[in-house]
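What follows is a set of notes on a single structure, which appears directly below.
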Amino acid sequence: MNHTFLKQAIDLAVENVRRNGGPFAALVVKDGIVISTGTNQVTRSNDPTAHAEIVAIREACRVLGDFQLAGCDIYTSCEPCPMCLGAIYWARPAQVFYAATHEDAAAAGFDDGFIYKELSVPPGERAIPMVRVADPHAARPFEEWAGRVGKVEY
(Lines give C-alpha, C1' and ligand atoms only; values in the text may rest on other atoms or scores of the structure.)
Protein backbone atom coordinates (compact mmCIF):
# COMPACT_ATOMS: atom_id res chain seq x y z
CA MET A 1 0.00 0.00 0.00
CA ASN A 2 1.41 3.34 -1.03
CA HIS A 3 -0.08 6.36 0.76
CA THR A 4 1.22 8.66 -1.98
CA PHE A 5 -1.05 6.99 -4.54
CA LEU A 6 -4.04 7.11 -2.20
CA LYS A 7 -3.42 10.80 -1.53
CA GLN A 8 -3.15 11.38 -5.28
CA ALA A 9 -6.56 9.74 -5.79
CA ILE A 10 -8.07 11.92 -3.04
CA ASP A 11 -6.48 15.08 -4.51
CA LEU A 12 -7.81 14.17 -7.99
CA ALA A 13 -11.30 13.74 -6.51
CA VAL A 14 -11.15 17.15 -4.84
CA GLU A 15 -9.96 18.76 -8.08
CA ASN A 16 -12.77 17.01 -9.98
CA VAL A 17 -15.34 18.54 -7.61
CA ARG A 18 -13.80 21.95 -8.23
CA ARG A 19 -14.32 21.34 -11.97
CA ASN A 20 -18.00 20.49 -11.36
CA GLY A 21 -17.46 16.72 -11.43
CA GLY A 22 -18.31 14.07 -8.88
CA PRO A 23 -16.18 13.55 -5.74
CA PHE A 24 -14.46 10.39 -6.92
CA ALA A 25 -11.10 9.50 -8.50
CA ALA A 26 -9.03 6.38 -9.08
CA LEU A 27 -5.55 5.34 -10.20
CA VAL A 28 -4.31 2.09 -11.70
CA VAL A 29 -0.73 1.38 -10.65
CA LYS A 30 1.62 -1.30 -11.96
CA ASP A 31 5.13 -1.87 -10.66
CA GLY A 32 5.00 1.42 -8.77
CA ILE A 33 4.03 3.44 -11.86
CA VAL A 34 0.66 5.12 -12.43
CA ILE A 35 -0.69 3.55 -15.63
CA SER A 36 -3.91 5.56 -15.67
CA THR A 37 -6.13 7.89 -13.70
CA GLY A 38 -9.85 8.39 -13.78
CA THR A 39 -12.28 10.86 -12.30
CA ASN A 40 -16.04 10.73 -12.16
CA GLN A 41 -17.28 11.95 -15.56
CA VAL A 42 -20.98 11.08 -15.20
CA THR A 43 -22.46 14.56 -15.53
CA ARG A 44 -19.70 15.90 -17.78
CA SER A 45 -20.17 13.14 -20.37
CA ASN A 46 -23.82 12.28 -19.72
CA ASP A 47 -22.67 8.70 -19.16
CA PRO A 48 -23.96 6.92 -16.04
CA THR A 49 -21.15 4.36 -16.35
CA ALA A 50 -18.36 6.97 -16.33
CA HIS A 51 -17.38 6.38 -12.71
CA ALA A 52 -13.75 7.03 -11.73
CA GLU A 53 -12.81 3.36 -11.44
CA ILE A 54 -14.40 2.50 -14.79
CA VAL A 55 -12.64 5.41 -16.51
CA ALA A 56 -9.29 4.39 -14.97
CA ILE A 57 -9.77 0.69 -15.82
CA ARG A 58 -10.66 1.45 -19.44
CA GLU A 59 -7.58 3.63 -19.90
CA ALA A 60 -5.25 1.17 -18.13
CA CYS A 61 -6.47 -1.67 -20.34
CA ARG A 62 -5.91 0.49 -23.41
CA VAL A 63 -2.39 1.40 -22.27
CA LEU A 64 -1.50 -2.19 -21.37
CA GLY A 65 -3.16 -3.69 -24.45
CA ASP A 66 -5.01 -6.21 -22.29
CA PHE A 67 -8.52 -6.64 -20.93
CA GLN A 68 -7.22 -7.68 -17.52
CA LEU A 69 -5.13 -5.80 -14.99
CA ALA A 70 -2.94 -8.63 -13.71
CA GLY A 71 -0.25 -7.31 -11.38
CA CYS A 72 -1.94 -3.92 -11.03
CA ASP A 73 -3.33 -2.20 -7.96
CA ILE A 74 -6.23 0.23 -7.95
CA TYR A 75 -6.21 3.21 -5.59
CA THR A 76 -9.54 4.95 -5.25
CA SER A 77 -10.80 7.87 -3.21
CA CYS A 78 -13.86 5.90 -2.10
CA GLU A 79 -15.02 2.32 -1.68
CA PRO A 80 -16.23 1.14 -5.10
CA CYS A 81 -19.96 1.14 -5.86
CA PRO A 82 -21.67 -2.08 -7.07
CA MET A 83 -21.05 -1.31 -10.76
CA CYS A 84 -17.38 -0.51 -10.20
CA LEU A 85 -16.98 -3.54 -7.98
CA GLY A 86 -18.23 -5.72 -10.83
CA ALA A 87 -15.83 -4.07 -13.27
CA ILE A 88 -12.96 -4.53 -10.82
CA TYR A 89 -13.67 -8.24 -10.51
CA TRP A 90 -13.81 -8.58 -14.30
CA ALA A 91 -10.52 -6.66 -14.67
CA ARG A 92 -8.83 -8.84 -12.02
CA PRO A 93 -6.32 -6.43 -10.43
CA ALA A 94 -4.17 -7.70 -7.57
CA GLN A 95 -5.59 -5.36 -4.92
CA VAL A 96 -7.80 -2.34 -4.37
CA PHE A 97 -7.05 0.36 -1.81
CA TYR A 98 -9.72 2.93 -0.94
CA ALA A 99 -10.04 5.88 1.42
CA ALA A 100 -13.66 6.85 2.15
CA THR A 101 -16.32 4.21 2.81
CA HIS A 102 -19.66 3.66 1.11
CA GLU A 103 -21.25 5.07 4.29
CA ASP A 104 -19.26 8.29 3.76
CA ALA A 105 -20.52 8.42 0.17
CA ALA A 106 -24.11 7.80 1.29
CA ALA A 107 -23.88 10.65 3.80
CA ALA A 108 -22.89 12.94 0.91
CA GLY A 109 -25.87 11.81 -1.20
CA PHE A 110 -24.29 8.90 -3.11
CA ASP A 111 -26.22 6.01 -1.58
CA ASP A 112 -25.97 2.72 -3.48
CA GLY A 113 -27.63 0.67 -0.75
CA PHE A 114 -30.79 0.26 -2.81
CA ILE A 115 -28.80 -1.50 -5.56
CA TYR A 116 -27.45 -4.07 -3.11
CA LYS A 117 -31.03 -4.69 -1.91
CA GLU A 118 -32.35 -4.99 -5.46
CA LEU A 119 -29.96 -7.89 -6.16
CA SER A 120 -31.89 -10.08 -3.73
CA VAL A 121 -35.30 -9.22 -5.24
CA PRO A 122 -36.67 -11.51 -7.99
CA PRO A 123 -36.04 -9.81 -11.37
CA GLY A 124 -39.71 -9.16 -12.17
CA GLU A 125 -40.28 -7.51 -8.78
CA ARG A 126 -37.38 -5.05 -8.89
CA ALA A 127 -37.87 -1.28 -8.96
CA ILE A 128 -37.02 -1.54 -12.64
CA PRO A 129 -38.74 -4.81 -13.60
CA MET A 130 -36.63 -7.22 -15.58
CA VAL A 131 -38.64 -9.55 -17.75
CA ARG A 132 -37.22 -12.68 -19.30
CA VAL A 133 -38.64 -13.27 -22.74
CA ALA A 134 -38.44 -16.92 -23.77
CA ASP A 135 -37.05 -17.28 -27.26
CA PRO A 136 -36.13 -20.54 -28.97
CA HIS A 137 -32.93 -18.92 -30.27
CA ALA A 138 -31.73 -17.51 -26.93
CA ALA A 139 -28.89 -20.03 -26.57
CA ARG A 140 -27.48 -19.47 -30.08
CA PRO A 141 -24.81 -16.93 -29.06
CA PHE A 142 -23.54 -19.31 -26.36
CA GLU A 143 -23.58 -22.27 -28.72
CA GLU A 144 -21.58 -20.23 -31.22
CA TRP A 145 -19.13 -19.28 -28.46
CA ALA A 146 -18.77 -22.87 -27.23
CA GLY A 147 -17.94 -24.07 -30.74
CA ARG A 148 -15.58 -21.24 -31.60
CA VAL A 149 -12.00 -22.35 -32.21
CA GLY A 150 -9.25 -19.94 -31.12
CA LYS A 151 -11.48 -17.78 -28.94
CA VAL A 152 -9.89 -15.62 -26.26
CA GLU A 153 -11.16 -16.89 -22.91
CA TYR A 154 -11.95 -14.42 -20.16
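Letters A, B, ... go to the chains of the C-alpha coordinates in the order shown; residues in each chain start at 1; ligands are counted from 1 in the same order.
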
Q. Neighbours of Val28 of chain A within 9 Å (only C-alpha atoms; same-chain residues fewer than 3 positions away dropped), as number ranges by chain?
A. A: 33-38, 53, 56-57, 59-60, 69, 72-76, 93

Emit the selected residues as a CSV table (one decimal), in the first residue's frame, including N, CA, C and O atoms.
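New file result_3.csv:
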chain,number,residue,atom,x,y,z
A,33,ILE,N,4.2,2.4,-10.9
A,33,ILE,CA,4.0,3.4,-11.9
A,33,ILE,C,2.5,3.6,-12.1
A,33,ILE,O,1.8,2.6,-12.3
A,34,VAL,N,2.1,4.8,-12.1
A,34,VAL,CA,0.7,5.1,-12.4
A,34,VAL,C,0.4,4.9,-13.9
A,34,VAL,O,1.0,5.6,-14.8
A,35,ILE,N,-0.4,3.9,-14.2
A,35,ILE,CA,-0.7,3.5,-15.6
A,35,ILE,C,-1.8,4.4,-16.2
A,35,ILE,O,-1.8,4.8,-17.3
A,36,SER,N,-2.8,4.7,-15.3
A,36,SER,CA,-3.9,5.6,-15.7
A,36,SER,C,-4.6,6.2,-14.5
A,36,SER,O,-4.4,5.8,-13.3
A,37,THR,N,-5.3,7.2,-14.7
A,37,THR,CA,-6.1,7.9,-13.7
A,37,THR,C,-7.5,8.0,-14.3
A,37,THR,O,-7.7,8.0,-15.5
A,38,GLY,N,-8.5,8.2,-13.4
A,38,GLY,CA,-9.9,8.4,-13.8
A,38,GLY,C,-10.6,9.2,-12.7
A,38,GLY,O,-10.3,9.1,-11.5
A,53,GLU,N,-13.5,4.7,-11.3
A,53,GLU,CA,-12.8,3.4,-11.4
A,53,GLU,C,-13.0,2.8,-12.9
A,53,GLU,O,-12.0,2.3,-13.4
A,56,ALA,N,-10.7,4.8,-15.2
A,56,ALA,CA,-9.3,4.4,-15.0
A,56,ALA,C,-9.0,3.0,-15.5
A,56,ALA,O,-8.0,2.7,-16.1
A,57,ILE,N,-9.9,2.1,-15.3
A,57,ILE,CA,-9.8,0.7,-15.8
A,57,ILE,C,-9.7,0.7,-17.3
A,57,ILE,O,-8.9,0.0,-17.9
A,59,GLU,N,-8.8,3.0,-19.4
A,59,GLU,CA,-7.6,3.6,-19.9
A,59,GLU,C,-6.4,2.7,-19.6
A,59,GLU,O,-5.5,2.5,-20.5
A,60,ALA,N,-6.4,2.1,-18.5
A,60,ALA,CA,-5.3,1.2,-18.1
A,60,ALA,C,-5.2,0.0,-19.1
A,60,ALA,O,-4.2,-0.4,-19.6
A,69,LEU,N,-6.1,-6.6,-15.7
A,69,LEU,CA,-5.1,-5.8,-15.0
A,69,LEU,C,-4.3,-6.6,-14.0
A,69,LEU,O,-4.0,-6.2,-12.9
A,72,CYS,N,-1.7,-5.3,-11.3
A,72,CYS,CA,-1.9,-3.9,-11.0
A,72,CYS,C,-2.7,-3.8,-9.7
A,72,CYS,O,-3.4,-4.7,-9.2
A,73,ASP,N,-2.6,-2.6,-9.1
A,73,ASP,CA,-3.3,-2.2,-8.0
A,73,ASP,C,-4.2,-1.0,-8.4
A,73,ASP,O,-3.8,-0.2,-9.2
A,74,ILE,N,-5.4,-0.9,-7.7
A,74,ILE,CA,-6.2,0.2,-7.9
A,74,ILE,C,-6.3,1.0,-6.6
A,74,ILE,O,-6.5,0.4,-5.6
A,75,TYR,N,-6.1,2.3,-6.7
A,75,TYR,CA,-6.2,3.2,-5.6
A,75,TYR,C,-7.4,4.1,-5.9
A,75,TYR,O,-7.4,4.7,-7.0
A,76,THR,N,-8.3,4.2,-5.0
A,76,THR,CA,-9.5,4.9,-5.2
A,76,THR,C,-9.9,5.8,-4.0
A,76,THR,O,-9.7,5.4,-2.9
A,93,PRO,N,-7.6,-7.0,-11.0
A,93,PRO,CA,-6.3,-6.4,-10.4
A,93,PRO,C,-5.9,-7.2,-9.2
A,93,PRO,O,-6.7,-8.1,-8.7

Q: as an NGL selection string, list the residues of segment 25-144 of chain A assigned to alpha helix (DSSP H) by DSSP on the backbone atoms of this structure.
A: :A and (42-45 or 52-64 or 82-91 or 102-107 or 113-118 or 140-144)

Q | Distance criterion (only C-alpha atoms): nearest to His51 of chain A out of A:Gly150, A:Pro136, A:Pro82, A:Pro129 | A |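 Nearest candidate to His51 of chain A out of A:Gly150, A:Pro136, A:Pro82, A:Pro129: A:Pro82.
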
Q: Compare A:Phe142, A:Glu103, A:Ile54, A:Ala70 by their minimum atom-to-atom distance to Leu85 of chain A, counting only C-alpha atoms, and give me the closest one.
A: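 Looking only at the distances to Leu85 of chain A, the closest residue turns out to be A:Ile54.
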
Q. Which residues, written as a list of chain:residue names, have at least one atom at most 12 Å from segment 105-115 of chain A, with only C-alpha atoms counted and residues fewer than 2 positions away on the same chain left out?
A.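 Listed by chain and then number, they are A:Gly22, A:Pro23, A:Phe24, A:Ser77, A:Cys78, A:Glu79, A:Pro80, A:Cys81, A:Pro82, A:Met83, A:Cys84, A:Leu85, A:Ala99, A:Ala100, A:Thr101, A:His102, A:Glu103, A:Lys117, A:Glu118, A:Leu119, A:Ser120, A:Val121, A:Arg126, A:Ala127, A:Ile128.
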
(Q) Taking only C-alpha atoms into account, name the residue in A:Gln41, A:Gln68, A:Thr4, A:Asn46 that is nearest to Ala91 of chain A. (A)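 The answer is A:Gln68, which sits nearest to Ala91 of chain A.
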